[in-house]
Structures are given as C-alpha cells and as structure tokens.
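A.B. asks: First the structure, which I've put down as structure tokens, then a few questions once you've had a look.
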Amino acid sequence: MKIIGLLILAYLLGAIPNGVWVGKLFFQTDIRQAGSGNIGTTNTYRVLGPYAGSAVMVLDIAKGTVATLLPTWGHVITVLGSATPLLFGLFAILGHTVSVFDHFKGGKAVATSAGMLLAYNPIMFVIAASLWVGLIYWTSMVSLASMIAFTLITIISLFFQDPYLTGIALVLTVFVFYRHRTNIQRIRQGTESMVPFGRGYRRKQHRS
C-alpha cells in the first residue's frame with residue numbers, strides 16, 4: 001500500500017500544470033488559449049515572457065526530481081532495485097502528459113524527464129542540459145533541440161552500462177518525437193517557431 005500511495009503521489013506531482021497555474025495566478029492568462037496551446041516551458045516563454053517561462057521550467061524539472069526521489073525518501077528503494085527511482089519518475093512524466101488537473105491532457109515531458117534524470121544520474125543531467133542549451137543556440141528551435149538531445153542522450157547512456165537508463169531513454173525519445181510530430185511537420189515546411197537568438201535565428205534573419 002505504501003508503494004501504491006507513493007506512486008500516486010508521484011503521478012499527482014507530475015500532473016501539476018505549472019504553466020496553466022502560473023499563467024492564471026500571476027498573469028490572468030490561460031496559456032492553453034494562446035501560442036501553441038501547450039502548457040510547457042516553451043509556450044510559457046512565448047506567451048508570458050522569460051521570467052514566467054524560467055519559473056515553469058524550474059518547477060517542471062523539480063516535480064520530476066522530487067517524484068524520482070520519493071522511493072528513497074519513503075524507504076522503498078529496494079522494491080525494484082536500481083530501477084525503482086525511474087519507475088517513480090515515469091509516473092511523474094505520465095502525470096505531466098496526462099494530467100488529472102488538465103482534463104487528462106498535458107505537456108511534452110521534456111523538463112519533467114530532465115528532472116527525473118537529475119535525481120537518477122546528475123552527471124547525465126549535466127550532459128543533457130549542456131547538449132540541450134548548445135543545440136538551442138545552434139538551431140534556435142527548442143523542439144528540434146529537444147529531439148536531438150534525447151536521441152544523443154540515449155546513445156550516450158550506453159557508455160554508462162545502465163540498461164534501465166538506456167531503456168527508459170529510448171522509450172522517452174520515441175515518446176518525445178511522437179509528441180513533437182506537428183513540430184516536425186513545421187520544421188520540414190520551414191515554419192517552425194524560433195527563439196530570437198542563436199545561429200539558426202541569425203541565418204533566417206540574414207536570408208530574409
């Protein structure tokens with residue numbers, strides 16, 4: 001019963017729609033009705049600005065981290081061995097993407113997945129964050145940077161000889177590509193939104 005209760009808590013933590021709540025509480029704006037309609041960091045930046053976007057990113061990372069640490073804090077870490085934290089992290093990701101607080105809709109799970117990685121393997125988190133930031137600068141597209149970063153992290157995880165991490169990374173990579181399927185179409189069409197900085201943005205400005 002304790003494990004079930006903690007898993008439910010992990011789901012509920014992940015289900016907190018930070019973008020929606022921050023928008024409504026501080027800006028009287030429902031970000032689901034603006035921009036891309038997504039509740040995550042990127043759309044929050046787009047609709048509410050960098051401070052709100054940064055706050056939502058930190059909160060979404062934090063809920064993945066806290067959920068992944070729950071089995072350690074609750075002393076049930078040995079239930080599934082080293083895979084136990086990842087299971088709890090997955091429940092947070094499930095909550096984020098299928099939120100009971102948002103009519104069972106949700107975000108694309110990039111930040112919450114990063115939070116799970118921060119708790120499970122901080123070194124990999126630093127690698128992932130560095131790749132993501134570098135790719136955003138290079139491409140000026142958060143969606144493309146996220147998909148490439150997840151792919152590279154799956155490959156890099158092989159060198160850590162952790163089959164649980166590699167398996168979860170592969171599953172999440174496939175899922176992230178699926179959730180970004182409309183972004184992929186826009187990337188192919190050359191209509192994907194760009195952040196107003198980086199090499200990709202400067203190349204586009206130069207061409208126009």
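In the structure tokens, each chain is lettered A, B, ... as it comes, each chain's residues begin at 1, and ligands are numbered from 1 in order of appearance.
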Go through stretch 116-153 of chain A residue by residue and, counting only C-alpha atoms, keep those with an atom at most 8 Å from stretch 194-200 of chain A; for each kept residue give the shortest atom pair and its distance in Å to one decimal, ordered by chain and increasing number, as a Markdown table.
C.D. replies:
| residue | atom | partner | partner_atom | distance |
| --- | --- | --- | --- | --- |
| A:Ile136 | CA | A:Gly198 | CA | 7.3 |
| A:Tyr137 | CA | A:Gly198 | CA | 4.4 |
| A:Trp138 | CA | A:Arg199 | CA | 5.1 |
| A:Thr139 | CA | A:Gly200 | CA | 4.6 |
| A:Ser140 | CA | A:Gly200 | CA | 4.9 |
| A:Met141 | CA | A:Met194 | CA | 4.9 |
| A:Val142 | CA | A:Met194 | CA | 7.5 |
A.B. asks: Near A:Gly64, within 8 Å and counting only C-alpha atoms, which residues show up once chain neighbours fewer than 3 positions away are dropped, as a ChimeraX atom specification?
C.D. replies: /A:13-14,60-61,67-68,89,92-93,111-116
A.B. asks: Under the rule that only C-alpha atoms are counted, which of A:Gly49, A:Ala128, A:Val110, A:Leu7 is the nearest residue to A:Phe26?
C.D. replies: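 For A:Phe26, the nearest of the given residues is A:Gly49.
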A.B. asks: What's around A:Thr72 at 12 Å? Count only C-alpha atoms, leave out sequence neighbours fewer than 4 positions away in its own chain, and write the answer as a list in words.
C.D. replies: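 The residues satisfying every condition are Ile3, Leu6, Thr65, Val66, Ala67, Thr68, Val76, Ile77, Thr78, Val79, Leu80, Gly81, Ser82, Ala83, Thr84, Pro85, Leu86, Phe88, Ala119 and Tyr120 of chain A.
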A.B. asks: Can you write out the residues you just picked, keeping all heavy atoms, as a CSV table (one decimal), in the first residue's frame?
C.D. replies:
chain,number,residue,atom,x,y,z
A,3,ILE,N,3.8,1.7,-1.4
A,3,ILE,CA,4.3,1.9,-2.7
A,3,ILE,C,3.3,2.5,-3.6
A,3,ILE,O,3.5,3.4,-4.4
A,3,ILE,CB,4.8,0.5,-3.3
A,3,ILE,CG1,6.0,0.0,-2.5
A,3,ILE,CG2,5.3,0.7,-4.7
A,3,ILE,CD1,6.4,-1.4,-2.8
A,6,LEU,N,2.8,6.1,-2.8
A,6,LEU,CA,3.8,6.9,-3.3
A,6,LEU,C,3.8,7.1,-4.8
A,6,LEU,O,4.1,8.2,-5.3
A,6,LEU,CB,5.2,6.4,-2.8
A,6,LEU,CG,5.5,6.5,-1.3
A,6,LEU,CD1,6.8,5.8,-1.0
A,6,LEU,CD2,5.7,8.0,-1.0
A,65,THR,N,12.2,15.6,-10.4
A,65,THR,CA,13.2,15.3,-9.5
A,65,THR,C,12.6,14.8,-8.1
A,65,THR,O,13.0,13.7,-7.6
A,65,THR,CB,14.1,16.5,-9.2
A,65,THR,OG1,14.7,17.0,-10.4
A,65,THR,CG2,15.2,16.2,-8.2
A,66,VAL,N,11.7,15.5,-7.6
A,66,VAL,CA,11.1,15.1,-6.3
A,66,VAL,C,10.4,13.7,-6.5
A,66,VAL,O,10.5,12.9,-5.6
A,66,VAL,CB,10.0,16.1,-5.9
A,66,VAL,CG1,9.3,15.6,-4.7
A,66,VAL,CG2,10.8,17.4,-5.5
A,67,ALA,N,9.7,13.5,-7.5
A,67,ALA,CA,9.0,12.2,-7.7
A,67,ALA,C,10.0,11.1,-7.8
A,67,ALA,O,9.7,10.0,-7.2
A,67,ALA,CB,8.1,12.3,-9.0
A,68,THR,N,11.1,11.3,-8.5
A,68,THR,CA,12.1,10.3,-8.6
A,68,THR,C,12.8,9.9,-7.3
A,68,THR,O,13.2,8.8,-7.1
A,68,THR,CB,13.1,10.7,-9.7
A,68,THR,OG1,12.5,11.0,-10.9
A,68,THR,CG2,14.2,9.6,-9.9
A,76,VAL,N,11.5,2.7,0.1
A,76,VAL,CA,11.0,1.6,-0.7
A,76,VAL,C,11.9,1.4,-1.9
A,76,VAL,O,11.5,0.8,-2.9
A,76,VAL,CB,9.6,1.8,-1.2
A,76,VAL,CG1,8.6,1.8,0.0
A,76,VAL,CG2,9.4,3.1,-2.0
A,77,ILE,N,13.2,1.9,-1.8
A,77,ILE,CA,14.1,1.9,-2.9
A,77,ILE,C,14.4,0.5,-3.4
A,77,ILE,O,14.8,0.3,-4.6
A,77,ILE,CB,15.4,2.7,-2.6
A,77,ILE,CG1,16.3,2.9,-3.8
A,77,ILE,CG2,16.2,1.9,-1.5
A,77,ILE,CD1,15.6,3.9,-4.8
A,78,THR,N,14.3,-0.5,-2.5
A,78,THR,CA,14.8,-1.8,-2.9
A,78,THR,C,13.7,-2.7,-3.6
A,78,THR,O,13.9,-3.8,-3.9
A,78,THR,CB,15.2,-2.6,-1.6
A,78,THR,OG1,14.1,-2.7,-0.7
A,78,THR,CG2,16.4,-1.9,-1.0
A,79,VAL,N,12.5,-2.1,-3.8
A,79,VAL,CA,11.4,-2.9,-4.3
A,79,VAL,C,11.8,-3.4,-5.7
A,79,VAL,O,11.6,-4.6,-6.0
A,79,VAL,CB,10.1,-2.0,-4.4
A,79,VAL,CG1,9.0,-2.8,-5.1
A,79,VAL,CG2,9.7,-1.6,-3.0
A,80,LEU,N,12.3,-2.6,-6.6
A,80,LEU,CA,12.7,-3.0,-7.9
A,80,LEU,C,14.2,-2.7,-8.1
A,80,LEU,O,14.6,-2.6,-9.3
A,80,LEU,CB,11.9,-2.3,-9.0
A,80,LEU,CG,10.4,-2.6,-9.0
A,80,LEU,CD1,9.7,-1.7,-10.0
A,80,LEU,CD2,10.1,-4.0,-9.4
A,81,GLY,N,14.9,-2.6,-7.1
A,81,GLY,CA,16.3,-2.4,-7.2
A,81,GLY,C,16.6,-1.0,-7.8
A,81,GLY,O,15.9,0.0,-7.5
A,82,SER,N,17.6,-0.9,-8.6
A,82,SER,CA,18.0,0.4,-9.1
A,82,SER,C,17.0,1.0,-10.1
A,82,SER,O,17.1,2.2,-10.4
A,82,SER,CB,19.4,0.3,-9.8
A,82,SER,OG,19.3,-0.6,-10.9
A,83,ALA,N,16.1,0.2,-10.5
A,83,ALA,CA,15.1,0.7,-11.5
A,83,ALA,C,13.9,1.5,-10.7
A,83,ALA,O,13.1,2.2,-11.4
A,83,ALA,CB,14.5,-0.4,-12.3
A,84,THR,N,13.8,1.3,-9.4
A,84,THR,CA,12.7,1.9,-8.7
A,84,THR,C,12.6,3.4,-8.9
A,84,THR,O,11.5,3.9,-9.2
A,84,THR,CB,12.8,1.6,-7.2
A,84,THR,OG1,12.9,0.2,-7.0
A,84,THR,CG2,11.6,2.1,-6.4
A,85,PRO,N,13.7,4.2,-8.8
A,85,PRO,CA,13.5,5.7,-9.0
A,85,PRO,C,13.0,6.0,-10.4
A,85,PRO,O,12.2,6.9,-10.5
A,85,PRO,CB,14.9,6.2,-8.8
A,85,PRO,CG,15.6,5.2,-7.9
A,85,PRO,CD,15.0,3.9,-8.4
A,86,LEU,N,13.4,5.3,-11.4
A,86,LEU,CA,13.0,5.5,-12.7
A,86,LEU,C,11.5,5.2,-12.9
A,86,LEU,O,10.8,6.0,-13.6
A,86,LEU,CB,13.8,4.7,-13.7
A,86,LEU,CG,15.2,5.0,-13.9
A,86,LEU,CD1,15.9,4.0,-14.8
A,86,LEU,CD2,15.4,6.4,-14.5
A,88,PHE,N,9.2,5.7,-10.6
A,88,PHE,CA,8.5,6.8,-10.0
A,88,PHE,C,8.7,8.0,-10.9
A,88,PHE,O,7.7,8.8,-11.0
A,88,PHE,CB,9.1,7.1,-8.6
A,88,PHE,CG,8.5,6.2,-7.5
A,88,PHE,CD1,8.9,4.9,-7.4
A,88,PHE,CD2,7.6,6.7,-6.6
A,88,PHE,CE1,8.4,4.1,-6.4
A,88,PHE,CE2,7.1,5.9,-5.7
A,88,PHE,CZ,7.5,4.6,-5.5
A,119,ALA,N,17.7,13.6,-10.7
A,119,ALA,CA,17.7,12.8,-9.5
A,119,ALA,C,18.4,11.4,-9.6
A,119,ALA,O,19.0,10.9,-8.7
A,119,ALA,CB,16.2,12.5,-9.0
A,120,TYR,N,18.2,10.8,-10.8
A,120,TYR,CA,18.8,9.5,-11.0
A,120,TYR,C,20.2,9.5,-11.4
A,120,TYR,O,21.0,8.6,-10.9
A,120,TYR,CB,18.0,8.8,-12.2
A,120,TYR,CG,18.4,7.4,-12.4
A,120,TYR,CD1,18.0,6.4,-11.5
A,120,TYR,CD2,19.2,7.0,-13.5
A,120,TYR,CE1,18.3,5.0,-11.8
A,120,TYR,CE2,19.5,5.7,-13.7
A,120,TYR,CZ,19.1,4.7,-12.9
A,120,TYR,OH,19.5,3.4,-13.1
A.B. asks: If you count only C-alpha atoms, which residues fall within 10 Å of stretch 188-190 of chain A, apart from same-chain ones fewer than 4 positions away, as a ChimeraX atom specification?
C.D. replies: /A:183-184,204
A.B. asks: Counting only C-alpha atoms, what are the residues of stretch 23-94 of chain A within 12 Å of stretch 174-181 of chain A, and for each of them which pair of atoms is the nearest and at what distance in Å, to one decimal? Sort the table by chain and rising number, as CSV.
C.D. replies:
residue,atom,partner,partner_atom,distance
A:Ser36,CA,A:His180,CA,11.7
A:Asn38,CA,A:Arg179,CA,10.8
A:Leu90,CA,A:Phe175,CA,11.9
A:Ile93,CA,A:Phe175,CA,10.8
A:Leu94,CA,A:Phe175,CA,11.1
A.B. asks: Residues of the last selection are to be written out with N, CA, C and O atoms, as a JSON list (two decimals), in the first residue's frame.
C.D. replies:
[["chain", "number", "residue", "atom", "x", "y", "z"],
["A", 36, "SER", "N", 1.07, 28.13, -28.93],
["A", 36, "SER", "CA", 0.85, 26.77, -29.42],
["A", 36, "SER", "C", -0.22, 26.04, -28.63],
["A", 36, "SER", "O", -0.65, 24.95, -29.02],
["A", 38, "ASN", "N", 0.30, 24.75, -25.77],
["A", 38, "ASN", "CA", 0.96, 23.80, -24.88],
["A", 38, "ASN", "C", 1.18, 24.42, -23.51],
["A", 38, "ASN", "O", 1.32, 25.64, -23.39],
["A", 90, "LEU", "N", 8.81, 7.94, -14.10],
["A", 90, "LEU", "CA", 7.88, 7.70, -15.20],
["A", 90, "LEU", "C", 6.45, 8.05, -14.81],
["A", 90, "LEU", "O", 5.67, 8.55, -15.64],
["A", 93, "ILE", "N", 6.15, 11.69, -15.18],
["A", 93, "ILE", "CA", 6.06, 12.03, -16.60],
["A", 93, "ILE", "C", 4.65, 11.72, -17.12],
["A", 93, "ILE", "O", 4.07, 12.50, -17.89],
["A", 94, "LEU", "N", 4.11, 10.60, -16.69],
["A", 94, "LEU", "CA", 2.73, 10.25, -17.06],
["A", 94, "LEU", "C", 1.77, 11.34, -16.57],
["A", 94, "LEU", "O", 0.88, 11.77, -17.31]]
A.B. asks: Mind checking which residues fall within 8 Å of A:Thr166, counting only C-alpha atoms, ignoring those fewer than 3 positions away in the same chain, and posting them as a compact mmCIF listing (two decimals) with N, CA, C and O atoms, in the first residue's frame?
C.D. replies:
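The new file result.txt reads:
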# COMPACT_ATOMS: atom_id res chain seq x y z
N THR A 154 20.26 9.05 -25.34
CA THR A 154 20.04 7.60 -25.44
C THR A 154 21.32 6.90 -25.87
O THR A 154 21.68 5.85 -25.32
N ILE A 155 22.01 7.48 -26.85
CA ILE A 155 23.27 6.89 -27.32
C ILE A 155 24.33 6.97 -26.24
O ILE A 155 25.04 5.98 -25.95
N SER A 157 23.97 7.13 -23.07
CA SER A 157 23.65 6.28 -21.92
C SER A 157 24.23 4.88 -22.06
O SER A 157 24.45 4.20 -21.05
N LEU A 158 24.48 4.46 -23.28
CA LEU A 158 25.08 3.13 -23.50
C LEU A 158 26.44 3.02 -22.83
O LEU A 158 26.83 1.94 -22.37
N ASP A 162 24.11 1.09 -18.09
CA ASP A 162 22.93 1.03 -17.24
C ASP A 162 21.73 0.71 -18.14
O ASP A 162 21.15 1.60 -18.76
N PRO A 163 21.37 -0.57 -18.24
CA PRO A 163 20.29 -0.94 -19.17
C PRO A 163 18.95 -0.30 -18.84
O PRO A 163 18.15 -0.02 -19.74
N ALA A 169 15.47 5.90 -21.59
CA ALA A 169 15.84 6.97 -22.51
C ALA A 169 15.31 6.70 -23.91
O ALA A 169 14.82 7.61 -24.60
N LEU A 170 15.37 5.43 -24.34
CA LEU A 170 14.86 5.08 -25.66
C LEU A 170 13.35 5.27 -25.74
O LEU A 170 12.83 5.85 -26.71
A.B. asks: Which one of A:Tyr11, A:Gly5, A:His75, A:Gly106 sits closest to A:Ile31 if you count only C-alpha atoms?
C.D. replies: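 Of A:Tyr11, A:Gly5, A:His75, A:Gly106, the one nearest A:Ile31 is A:Gly106, counting only C-alpha atoms.
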A.B. asks: Distance atom CA of A:Leu144-atom CA of A:Ile187, one decimal place?
C.D. replies: 8.0 Å
A.B. asks: So that I can check the surroundings of A:Tyr51, please list as a list in words every protein, DNA and RNA residue that reaches within 12 Å of it, counting only C-alpha atoms and ignoring chain neighbours fewer than 5 positions away.
C.D. replies: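 Non-adjacent residues within range: Gly19, Val22, Gly23, Phe26, Phe27, Thr41, Thr42, Thr44, Tyr45, Arg46, Val56, Met57 and Val58 of chain A.
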A.B. asks: Neighbours of A:Lys24 within 12 Å (only C-alpha atoms; same-chain residues fewer than 4 positions away dropped), as a list in words?
C.D. replies: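 Counting only the stated atoms, we get Pro17, Asn18, Gly19, Val20, Gln28, Thr29, Asp30, Ile31, Arg32, Gln33, Ile39, Thr44, Leu48 and Ala52 of chain A.
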A.B. asks: Mind the document's chain letters and residue numbers, and return as a PyMOL selection string the residues of stretch 55-199 of chain A that DSSP labels helix (DSSP H, G or I).
C.D. replies: chain A and resi 55-73+81-97+100-102+110-120+122-139+142-160+163-179+181-189+199
